[in-house]
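The file my_file.cif comes next; it holds mmCIF, C-alpha atoms.
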data_protein
#
loop_
_atom_site.label_atom_id
_atom_site.label_comp_id
_atom_site.auth_asym_id
_atom_site.auth_seq_id
_atom_site.Cartn_x
_atom_site.Cartn_y
_atom_site.Cartn_z
CA MET A 1 -27.16 8.08 -9.45
CA MET A 2 -30.61 7.71 -7.91
CA ALA A 3 -32.75 4.79 -6.86
CA GLY A 4 -35.91 3.95 -8.69
CA GLY A 5 -34.86 2.16 -11.89
CA SER A 6 -37.70 1.31 -14.22
CA VAL A 7 -40.30 3.13 -12.11
CA ALA A 8 -38.60 6.46 -12.86
CA VAL A 9 -38.37 5.66 -16.55
CA ALA A 10 -41.99 4.58 -16.68
CA ALA A 11 -42.98 7.93 -15.20
CA ASP A 12 -40.77 9.82 -17.66
CA THR A 13 -42.19 7.93 -20.62
CA ALA A 14 -45.83 8.56 -19.77
CA GLY A 15 -47.71 9.49 -22.91
CA GLN A 16 -45.66 7.30 -25.25
CA ASP A 17 -47.11 4.17 -26.84
CA ASP A 18 -46.68 0.93 -24.92
CA ALA A 19 -44.12 -0.53 -27.35
CA SER A 20 -41.82 2.53 -27.11
CA ALA A 21 -42.16 2.68 -23.32
CA GLN A 22 -41.26 -1.01 -23.00
CA GLU A 23 -38.25 -0.57 -25.30
CA LEU A 24 -36.99 2.40 -23.29
CA GLU A 25 -37.53 0.57 -20.04
CA ALA A 26 -35.61 -2.47 -21.33
CA GLN A 27 -32.74 -0.22 -22.49
CA PHE A 28 -32.70 1.48 -19.11
CA GLU A 29 -32.53 -1.85 -17.26
CA GLN A 30 -29.61 -2.90 -19.48
CA GLY A 31 -27.82 0.36 -18.83
CA MET A 32 -28.28 0.14 -15.06
CA ALA A 33 -27.07 -3.48 -15.02
CA ALA A 34 -24.01 -2.50 -17.03
CA LEU A 35 -23.32 0.46 -14.75
CA LYS A 36 -23.59 -1.75 -11.67
CA ASP A 37 -21.11 -4.23 -13.17
CA SER A 38 -18.77 -1.39 -14.27
CA ARG A 39 -19.28 -2.24 -17.95
CA LEU A 40 -19.04 1.43 -18.70
CA LYS A 41 -18.96 1.25 -22.50
CA SER A 42 -22.13 -0.84 -22.52
CA ALA A 43 -23.77 1.57 -20.08
CA ILE A 44 -22.87 4.55 -22.25
CA ARG A 45 -24.31 2.84 -25.33
CA ALA A 46 -27.55 1.92 -23.54
CA PHE A 47 -28.25 5.37 -22.07
CA SER A 48 -27.20 7.13 -25.30
CA LYS A 49 -29.67 5.00 -27.24
CA ILE A 50 -32.45 5.99 -24.84
CA LEU A 51 -31.69 9.69 -25.41
CA ASP A 52 -31.59 9.14 -29.17
CA ILE A 53 -35.14 7.83 -28.93
CA ASP A 54 -36.38 10.43 -26.45
CA PRO A 55 -34.05 13.36 -25.62
CA LYS A 56 -36.37 14.53 -22.83
CA LEU A 57 -35.54 11.63 -20.45
CA ASP A 58 -33.34 13.38 -17.89
CA ARG A 59 -33.08 10.29 -15.69
CA ALA A 60 -31.21 8.51 -18.47
CA ARG A 61 -29.15 11.67 -19.03
CA LEU A 62 -28.05 11.65 -15.37
CA GLU A 63 -27.05 7.99 -15.51
CA LEU A 64 -25.15 8.66 -18.73
CA ALA A 65 -23.36 11.50 -16.95
CA LEU A 66 -22.39 9.08 -14.19
CA ALA A 67 -21.07 6.54 -16.72
CA TYR A 68 -18.95 9.23 -18.37
CA TYR A 69 -17.72 10.37 -14.94
CA ARG A 70 -16.57 6.87 -14.08
CA SER A 71 -14.88 6.71 -17.49
CA LEU A 72 -12.91 9.83 -16.48
CA ARG A 73 -14.55 11.89 -19.22
CA TYR A 74 -15.38 14.75 -16.90
CA ASP A 75 -16.26 17.26 -19.63
CA LYS A 76 -19.06 15.07 -20.97
CA ALA A 77 -20.32 14.31 -17.46
CA GLN A 78 -20.44 18.00 -16.60
CA GLU A 79 -22.19 18.91 -19.85
CA LEU A 80 -24.94 16.32 -19.35
CA ALA A 81 -25.53 17.10 -15.67
CA GLN A 82 -25.63 20.84 -16.35
CA LYS A 83 -28.30 20.27 -18.99
CA VAL A 84 -30.49 18.56 -16.38
CA LEU A 85 -29.86 21.40 -13.94
CA ASP A 86 -30.83 24.00 -16.56
CA ASN A 87 -34.15 22.27 -17.16
CA PRO A 88 -36.80 24.34 -15.30
CA THR A 89 -38.94 21.23 -14.74
CA THR A 90 -36.24 19.44 -12.75
CA PRO A 91 -37.59 18.82 -9.20
CA PRO A 92 -35.81 20.61 -6.30
CA GLU A 93 -34.68 17.36 -4.66
CA VAL A 94 -33.05 16.28 -7.93
CA ARG A 95 -31.33 19.66 -8.26
CA VAL A 96 -29.62 19.10 -4.90
CA THR A 97 -28.26 15.76 -6.11
CA VAL A 98 -27.10 17.21 -9.43
CA LEU A 99 -25.35 20.13 -7.73
CA ALA A 100 -23.46 17.73 -5.45
CA PHE A 101 -22.51 15.62 -8.47
CA LEU A 102 -21.26 18.66 -10.41
CA ALA A 103 -19.16 19.74 -7.43
CA GLN A 104 -17.55 16.29 -7.29
CA VAL A 105 -16.91 16.33 -11.05
CA LYS A 106 -15.26 19.75 -10.74
CA ARG A 107 -12.99 18.62 -7.89
CA ASP A 108 -11.90 15.48 -9.71
CA ALA A 109 -11.36 17.36 -12.98
CA GLU A 110 -9.16 19.89 -11.21
CA GLN A 111 -7.17 17.12 -9.58
CA LEU A 112 -6.72 15.35 -12.91
CA GLY A 113 -5.68 18.65 -14.46
CA LYS A 114 -2.63 18.83 -12.20
CA ARG A 115 0.13 17.08 -14.10
CA ASN A 116 2.57 17.24 -11.19
CA ASN A 117 1.61 16.44 -7.61
CA PHE A 118 4.16 16.56 -4.82
CA SER A 119 3.75 15.22 -1.30
CA GLY A 120 6.14 14.56 1.54
CA PHE A 121 6.49 13.31 5.07
CA ILE A 122 8.74 13.65 8.07
CA SER A 123 8.99 11.49 11.18
CA ALA A 124 11.24 11.86 14.21
CA GLY A 125 11.46 9.95 17.45
CA THR A 126 13.38 7.97 19.98
CA MET A 127 13.76 4.24 20.56
CA HIS A 128 15.35 1.68 22.82
CA ASP A 129 16.88 -1.51 21.39
CA SER A 130 17.70 -4.43 23.69
CA ASN A 131 19.84 -6.18 21.06
CA VAL A 132 21.48 -3.63 18.77
CA ASN A 133 23.93 -6.09 17.20
CA VAL A 134 21.51 -9.07 17.07
CA GLY A 135 23.80 -11.17 19.24
CA PRO A 136 23.30 -14.14 21.58
CA THR A 137 22.97 -13.68 25.33
CA GLU A 138 25.53 -16.18 26.65
CA ALA A 139 29.28 -16.29 25.97
CA ASN A 140 29.62 -20.04 26.73
CA ILE A 141 27.50 -22.04 24.33
CA ARG A 142 27.54 -25.57 22.99
CA VAL A 143 26.64 -26.64 19.48
CA GLY A 144 26.20 -30.41 19.60
CA ASP A 145 29.44 -31.67 21.16
CA ILE A 146 31.34 -28.50 20.29
CA PRO A 147 31.88 -25.96 23.10
CA LEU A 148 32.29 -22.34 21.93
CA GLN A 149 33.51 -19.28 23.78
CA LEU A 150 32.18 -16.08 22.23
CA ALA A 151 34.11 -12.83 22.45
CA PRO A 152 32.43 -10.12 24.55
CA GLY A 153 31.90 -8.01 21.43
CA SER A 154 29.70 -10.75 19.95
CA LEU A 155 27.21 -10.74 22.81
CA LYS A 156 24.04 -8.70 22.62
CA LYS A 157 24.27 -4.98 23.39
CA SER A 158 21.45 -2.63 24.34
CA ASP A 159 21.23 1.08 23.63
CA SER A 160 18.86 3.94 22.90
CA ALA A 161 18.76 5.85 19.64
CA TYR A 162 17.30 8.82 17.82
CA VAL A 163 15.38 8.07 14.62
CA LEU A 164 14.64 10.36 11.70
CA ASN A 165 12.76 9.49 8.52
CA ALA A 166 11.86 11.97 5.78
CA GLY A 167 10.88 11.75 2.15
CA ILE A 168 9.21 13.33 -0.85
CA ASP A 169 6.99 11.76 -3.51
CA HIS A 170 6.10 12.94 -6.98
CA LEU A 171 3.11 11.84 -9.05
CA TYR A 172 2.99 12.71 -12.73
CA GLN A 173 -0.43 12.41 -14.38
CA SER A 174 -0.16 11.99 -18.12
CA ARG A 175 -3.89 12.74 -18.62
CA LYS A 176 -3.78 9.84 -21.04
CA ARG A 177 -6.78 7.55 -20.68
CA ILE A 178 -6.13 3.85 -21.20
CA GLU A 179 -8.99 1.64 -22.36
CA VAL A 180 -8.92 -1.86 -20.88
CA GLY A 181 -12.01 -3.79 -21.91
CA GLU A 182 -15.09 -1.88 -20.72
CA ARG A 183 -13.15 0.28 -18.30
CA THR A 184 -10.99 3.39 -18.50
CA GLY A 185 -7.80 3.95 -16.57
CA LEU A 186 -5.13 6.60 -16.01
CA LEU A 187 -1.46 6.29 -16.84
CA LEU A 188 0.73 7.70 -14.07
CA TRP A 189 4.40 7.93 -13.16
CA GLN A 190 5.37 7.63 -9.50
CA SER A 191 8.72 8.64 -8.02
CA GLY A 192 10.06 9.09 -4.53
CA ALA A 193 13.13 9.77 -2.44
CA SER A 194 13.62 9.20 1.28
CA ILE A 195 16.26 8.96 3.96
CA TYR A 196 16.17 6.98 7.21
CA SER A 197 18.65 7.52 10.01
CA ARG A 198 19.06 5.64 13.30
CA GLN A 199 21.76 7.08 15.56
CA TYR A 200 22.61 5.17 18.76
CA ASN A 201 23.77 6.99 21.87
CA HIS A 202 26.72 4.68 22.57
CA GLN A 203 26.92 1.88 19.99
CA ASP A 204 28.12 4.13 17.17
CA ASP A 205 29.33 1.18 15.09
CA TYR A 206 25.69 0.25 14.51
CA ASP A 207 24.40 3.66 13.44
CA LEU A 208 22.31 3.04 10.33
CA VAL A 209 21.49 5.33 7.40
CA ILE A 210 19.41 4.26 4.36
CA ALA A 211 18.98 6.55 1.35
CA SER A 212 16.31 5.36 -1.10
CA LEU A 213 15.13 6.27 -4.60
CA ASN A 214 12.26 4.79 -6.61
CA THR A 215 10.53 5.55 -9.89
CA GLY A 216 8.25 3.86 -12.39
CA PRO A 217 4.91 3.81 -14.24
CA ALA A 218 1.52 2.92 -12.84
CA LEU A 219 -1.92 2.24 -14.28
CA LEU A 220 -4.96 3.13 -12.20
CA MET A 221 -8.38 1.66 -12.93
CA LEU A 222 -10.57 3.50 -10.44
CA ARG A 223 -12.50 1.27 -8.03
CA HIS A 224 -11.23 -1.89 -9.76
CA TRP A 225 -7.49 -2.47 -9.89
CA ARG A 226 -4.16 -0.72 -10.05
CA ALA A 227 -0.74 -1.88 -11.23
CA SER A 228 2.74 -0.44 -10.95
CA LEU A 229 6.33 -1.18 -11.93
CA GLN A 230 8.89 0.39 -9.62
CA PHE A 231 12.65 0.61 -10.09
CA LYS A 232 14.37 1.16 -6.77
CA SER A 233 17.79 1.79 -5.29
CA ASP A 234 18.82 1.73 -1.61
CA TYR A 235 22.21 2.84 -0.27
CA PHE A 236 23.21 1.75 3.26
CA THR A 237 25.84 2.98 5.67
CA LEU A 238 26.67 1.31 8.99
CA GLY A 239 28.63 3.26 11.54
CA ASP A 240 30.72 5.70 9.56
CA ARG A 241 31.33 3.37 6.60
CA ALA A 242 29.47 2.43 3.44
CA LEU A 243 27.76 -0.92 3.92
CA ALA A 244 25.73 -1.91 0.84
CA TRP A 245 23.94 -0.86 -2.30
CA PHE A 246 20.74 -2.66 -3.32
CA ASN A 247 19.14 -2.18 -6.76
CA GLY A 248 15.93 -3.84 -7.81
CA ILE A 249 12.64 -3.96 -9.64
CA ASN A 250 9.21 -4.38 -8.07
CA PRO A 251 6.06 -5.06 -10.15
CA SER A 252 2.74 -5.25 -8.32
CA ILE A 253 -0.98 -5.35 -8.95
CA THR A 254 -3.90 -4.78 -6.57
CA TRP A 255 -7.47 -5.93 -7.19
CA GLN A 256 -10.17 -4.04 -5.32
CA PHE A 257 -13.46 -5.53 -4.22
CA ARG A 258 -16.22 -4.62 -1.82
CA ASN A 259 -14.63 -3.71 1.54
CA GLY A 260 -11.21 -5.06 0.65
CA GLU A 261 -8.41 -5.72 -1.80
CA LEU A 262 -5.93 -8.39 -2.86
CA ASN A 263 -2.33 -7.49 -3.70
CA TRP A 264 0.35 -9.46 -5.55
CA ASP A 265 3.92 -8.29 -5.91
CA PHE A 266 7.32 -9.57 -6.98
CA ASP A 267 10.68 -8.27 -5.82
CA TYR A 268 14.05 -8.76 -7.48
CA THR A 269 17.04 -7.09 -5.83
CA ARG A 270 20.74 -7.26 -6.64
CA ARG A 271 22.73 -6.84 -3.44
CA PHE A 272 26.23 -5.32 -3.52
CA TYR A 273 28.39 -4.90 -0.40
CA HIS A 274 31.30 -2.54 0.16
CA ARG A 275 33.12 -4.24 3.03
CA GLN A 276 35.45 -7.10 2.15
CA ILE A 277 34.06 -9.17 5.03
CA ASP A 278 30.63 -9.07 3.32
CA ASN A 279 31.77 -10.19 -0.14
CA GLY A 280 30.15 -13.60 0.32
CA ARG A 281 26.78 -11.94 0.97
CA GLU A 282 26.53 -10.44 -2.51
CA GLY A 283 23.85 -11.99 -4.66
CA ASP A 284 20.32 -11.92 -6.05
CA TYR A 285 17.26 -11.73 -3.80
CA LEU A 286 13.84 -12.78 -5.11
CA SER A 287 10.48 -12.89 -3.37
CA THR A 288 6.83 -12.94 -4.32
CA GLY A 289 3.64 -12.98 -2.32
CA LEU A 290 -0.04 -12.23 -1.86
CA THR A 291 -1.66 -9.98 0.74
CA LEU A 292 -5.38 -9.87 1.43
CA GLY A 293 -6.94 -6.91 3.22
CA HIS A 294 -10.52 -6.55 4.41
CA TYR A 295 -12.53 -3.85 6.20
CA PHE A 296 -15.15 -4.49 8.86
CA ASN A 297 -17.65 -2.43 10.85
CA ASN A 298 -17.87 0.44 8.34
CA ARG A 299 -14.07 0.48 7.93
CA ARG A 300 -13.44 0.99 11.63
CA VAL A 301 -11.57 -2.33 11.68
CA SER A 302 -9.16 -3.59 9.03
CA ALA A 303 -7.47 -6.97 8.86
CA THR A 304 -4.66 -8.24 6.64
CA ALA A 305 -3.11 -11.63 5.98
CA GLY A 306 -0.42 -12.67 3.54
CA GLY A 307 2.31 -15.05 2.56
CA ARG A 308 5.61 -14.81 0.64
CA LEU A 309 8.11 -17.16 -0.96
CA ILE A 310 11.77 -16.10 -0.73
CA LYS A 311 14.99 -17.13 -2.45
CA PHE A 312 18.45 -15.59 -2.02
CA PHE A 313 21.39 -16.60 -4.22
CA ALA A 314 24.52 -15.54 -2.30
CA GLU A 315 28.13 -15.87 -3.43
CA ASP A 316 28.88 -18.13 -0.45
CA SER A 317 26.42 -21.02 -0.31
CA TYR A 318 26.18 -21.04 3.49
CA LEU A 319 24.73 -17.50 3.28
CA ALA A 320 22.24 -18.38 0.53
CA TYR A 321 18.78 -19.50 1.57
CA ASP A 322 15.20 -20.12 0.58
CA GLY A 323 12.21 -19.63 2.79
CA PHE A 324 8.73 -18.32 3.30
CA GLU A 325 6.94 -15.94 5.61
CA ALA A 326 3.37 -15.53 6.80
CA THR A 327 1.91 -12.30 8.17
CA ALA A 328 -1.34 -11.22 9.80
CA GLY A 329 -2.51 -7.99 11.35
CA VAL A 330 -5.47 -6.07 12.71
CA SER A 331 -6.00 -2.32 13.05
CA THR A 332 -8.98 -0.72 14.75
CA ASP A 333 -10.26 2.74 15.63
CA THR A 334 -10.17 2.64 19.41
CA TYR A 335 -11.29 6.19 20.22
CA ARG A 336 -11.74 9.56 18.54
CA ASN A 337 -8.65 10.23 16.36
CA GLY A 338 -6.88 7.18 17.79
CA SER A 339 -6.21 3.67 16.50
CA ALA A 340 -4.45 0.54 17.74
CA TYR A 341 -2.83 -2.21 15.75
CA VAL A 342 -1.15 -5.56 16.17
CA ARG A 343 0.89 -7.49 13.60
CA GLN A 344 2.40 -10.98 13.65
CA ARG A 345 5.06 -12.33 11.31
CA VAL A 346 6.54 -15.84 11.13
CA ALA A 347 9.41 -16.58 8.74
CA TYR A 348 11.38 -19.74 8.00
CA TYR A 349 14.82 -19.79 6.34
CA ASN A 350 16.68 -22.85 5.10
CA TYR A 351 20.36 -22.12 4.31
CA ASP A 352 22.02 -23.95 1.44
CA GLY A 353 25.57 -24.77 2.52
CA ASP A 354 27.10 -26.03 5.74
CA ASP A 355 27.81 -23.36 8.32
CA PRO A 356 31.64 -22.94 8.52
CA VAL A 357 31.63 -22.86 12.34
CA VAL A 358 29.74 -26.07 13.07
CA GLY A 359 29.84 -27.87 9.72
CA LYS A 360 26.11 -28.41 9.16
CA GLU A 361 23.19 -26.72 7.43
CA ARG A 362 21.36 -24.01 9.28
CA ASP A 363 17.58 -23.58 9.62
CA ASP A 364 16.08 -20.52 11.31
CA THR A 365 12.53 -19.65 12.33
CA GLU A 366 11.86 -16.03 13.19
CA TYR A 367 8.83 -14.78 15.13
CA ARG A 368 8.04 -11.08 15.22
CA THR A 369 5.17 -9.39 17.07
CA THR A 370 4.38 -5.67 16.83
CA VAL A 371 1.76 -3.75 18.80
CA GLY A 372 1.18 -0.03 18.59
CA LEU A 373 -1.07 2.95 19.16
CA SER A 374 -1.45 6.01 16.91
CA HIS A 375 -3.13 9.32 17.70
CA GLU A 376 -3.81 12.01 15.10
CA TYR A 377 -4.09 15.62 16.20
CA ASN A 378 -6.74 17.09 13.91
CA GLU A 379 -8.94 19.19 16.17
CA PRO A 380 -8.84 22.98 15.57
CA GLU A 381 -7.55 23.65 19.09
CA ASP A 382 -4.77 21.04 18.94
CA LEU A 383 -1.30 22.51 19.38
CA LEU A 384 0.16 19.75 17.16
CA LYS A 385 -2.61 19.89 14.55
CA ASP A 386 -1.95 17.59 11.55
CA TRP A 387 0.75 15.66 13.41
CA VAL A 388 0.51 11.99 14.37
CA VAL A 389 2.10 10.45 17.44
CA ASN A 390 2.86 6.74 17.30
CA VAL A 391 4.13 4.45 20.05
CA PHE A 392 4.91 0.81 19.42
CA TYR A 393 6.67 -2.22 20.83
CA GLU A 394 8.21 -5.01 18.76
CA PHE A 395 9.47 -8.37 19.98
CA THR A 396 11.63 -10.59 17.77
CA LYS A 397 12.66 -14.14 18.58
CA ASN A 398 14.88 -16.22 16.30
CA ASP A 399 15.16 -19.99 16.80
CA SER A 400 18.00 -21.77 15.02
CA ASN A 401 18.80 -25.46 14.73
CA ILE A 402 22.40 -24.47 15.53
CA GLY A 403 21.40 -23.71 19.08
CA LYS A 404 22.29 -20.48 20.79
CA LEU A 405 24.87 -19.42 18.21
CA TYR A 406 22.21 -17.94 15.93
CA SER A 407 19.27 -17.83 18.34
CA TYR A 408 18.44 -14.47 19.86
CA GLU A 409 15.72 -12.25 21.27
CA ARG A 410 15.23 -8.56 20.62
CA ASN A 411 12.92 -5.96 22.19
CA GLN A 412 12.40 -2.57 20.58
CA TRP A 413 10.32 0.35 21.88
CA MET A 414 9.76 3.45 19.78
CA LEU A 415 7.99 6.81 20.10
CA THR A 416 7.65 8.94 16.96
CA LEU A 417 5.97 12.13 15.84
CA SER A 418 5.18 12.40 12.12
CA ARG A 419 3.41 14.56 9.59
CA GLY A 420 2.55 14.49 5.92
CA PHE A 421 2.53 17.56 3.74
#
Would you put the structure from the file into structure tokens?
Amino acid sequence: MMAGGSVAVAADTAGQDDASAQELEAQFEQGMAALKDSRLKSAIRAFSKILDIDPKLDRARLELALAYYRSLRYDKAQELAQKVLDNPTTPPEVRVTVLAFLAQVKRDAEQLGKRNNFSGFISAGTMHDSNVNVGPTEANIRVGDIPLQLAPGSLKKSDSAYVLNAGIDHLYQSRKRIEVGERTGLLLWQSGASIYSRQYNHQDDYDLVIASLNTGPALLMLRHWRASLQFKSDYFTLGDRALAWFNGINPSITWQFRNGELNWDFDYTRRFYHRQIDNGREGDYLSTGLTLGHYFNNRRVSATAGGRLIKFFAEDSYLAYDGFEATAGVSTDTYRNGSAYVRQRVAYYNYDGDDPVVGKERDDTEYRTTVGLSHEYNEPEDLLKDWVVNVFYEFTKNDSNIGKLYSYERNQWMLTLSRGF
């Protein structure tokens, strides 16, 4: 809690014989080392032993309070810190520190005491899409020696759209502490529901609605790692008809370290389609990957990089594929209440069966670049206080070995206004 280690203990133990003082100092060093390494049980044992020998050592009592706090045993932390505060010999500068600590303990205890926590968000905006139907540009194309004449409806179409996204999340705190080695964690249950709607001005056949549900347990080890297991379901409509229903499971774990974290996750999804034309697309989707995030310049800059392996088992082999993707991104605080970001994604897909149009296997490489700017209104005089405006541009380019039949470019611009509550 405070700097000073053995010096503080030596001062507190003045008047004891040398052997006792050395023993207490050694115990204190062990406790501080354990606390630094988050070996909380060892730290609690070390500081408790010091107080068993000499109950007057408030420095050890404060460090024991901190160890209990990090073990989520807020009642013990509060009891120990209050005892130091009630001691009339406690210096004024230490009292300030203890009062701040007690305030933090109280806030965290109140938060833990809430079994049910609800939060939500809403986002609305407008966008322009240069290639709504993800189609090629030219009607006359050649695949090898085969000339093809595409129907006008297959060529790319541009349009503007209105976008709405809203959702609600629920966090249930069981108050059950889970002991994992030297550390203590919390068992939680996370659930959520959201709806996304994209309504085009003219290309109504491509209006998209996605309704999503998710739920599952999570284990939180504060400042160390967290893990979750989510069950999810997504229902899609395209135009005015049901399109698909995806159901899956998504385990993940995130390890935290100084100024960053490493995340692993796995995704299994069973894809069902409603339209007869999409029957061959039904199948099992699997992917797994790692994402590394790191903060720089006192968290004013964050960078991420990751990679994923993908496999899709479709009913029709020419729609099944395996592949991988690599991602990288940077976000930075550019001015007061504003941030800019850029993300790059490269994905490769190798399809299993021969394409029925040209009679050979298809390989695609997709490049996607996103740049954006966000501004948060959080000044007292702001008319849109607590709202965030976001503007971004995304460029997608798909290169296929089957020439222009599956190659395309897409430009999307979007302006949204969002808020959490």
For the file shown, report as a ChimeraX atom specification the outcome of the PyMOL selection byres ((chain A and resi 161-177) around 6) at residue level.
/A:115-127,160,178,185-201
Near Thr184 (chain A), within 9 Å and counting all atoms listed in the file, which residues show up once chain neighbours fewer than 3 positions away are dropped, as a tab-separated table (two decimals) with C-alpha atoms, in the coordinates of the input?
chain	number	residue	atom	x	y	z
A	40	LEU	CA	-19.04	1.43	-18.70
A	70	ARG	CA	-16.57	6.87	-14.08
A	71	SER	CA	-14.88	6.71	-17.49
A	72	LEU	CA	-12.91	9.83	-16.48
A	177	ARG	CA	-6.78	7.55	-20.68
A	178	ILE	CA	-6.13	3.85	-21.20
A	179	GLU	CA	-8.99	1.64	-22.36
A	180	VAL	CA	-8.92	-1.86	-20.88
A	181	GLY	CA	-12.01	-3.79	-21.91
A	220	LEU	CA	-4.96	3.13	-12.20
A	221	MET	CA	-8.38	1.66	-12.93
A	222	LEU	CA	-10.57	3.50	-10.44
As a PyMOL selection string, please: the residues near Ser42 (chain A) (cut-off 12 Å, all atoms listed in the file, same-chain neighbours under 2 positions excluded).
chain A and resi 27-40+44-49+64+67-68+71+181-183
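Distance annotation: of A:Ile253, A:Leu417, A:Leu290, A:Ala26, the residue with the minimal separation from Lys385 (chain A) is A:Leu417; atom set is all atoms listed in the file.
Minimum atom-to-atom distance to Ala211 (chain A), evaluated using all atoms listed in the file, belongs to A:Lys232 out of A:Arg223, A:Lys232, A:Arg270, A:His375.
For region 394-406 of chain A, the set of protein, DNA and RNA residues having any atom at most 7 Å away, when counting all atoms listed in the file and skipping those fewer than 3 positions along the same chain, is Pro136, Ile141, Val143, Arg362, Asp363, Asp364, Thr365, Glu366, Tyr367, Arg368, Thr369, Thr370, Val371, Glu409, Arg410, Asn411, Gln412 and Trp413 of chain A.
Residues lying within 12 Å of Ile277 (chain A), counting all atoms listed in the file and ignoring same-chain neighbours fewer than 3 positions away, are Leu243, Ala244, Tyr273, His274, Gly280, Arg281, Glu282 and Asp316 of chain A.
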Contacts of Arg308 (chain A) at 10 Å or less, counting only C-alpha atoms, minus same-chain residues fewer than 3 places along, as a PyMOL selection string?
chain A and resi 264-266+287-291+323-327+347
Could you give me, as a list in words, the residues that have an atom at most 6 Å away from the point (0.9, -2.3, 19.9) in the coordinates of the file, using all atoms listed in the file?
Tyr341, Val342, Thr370, Val371, Gly372, Leu373, Phe392 and Tyr393 of chain A
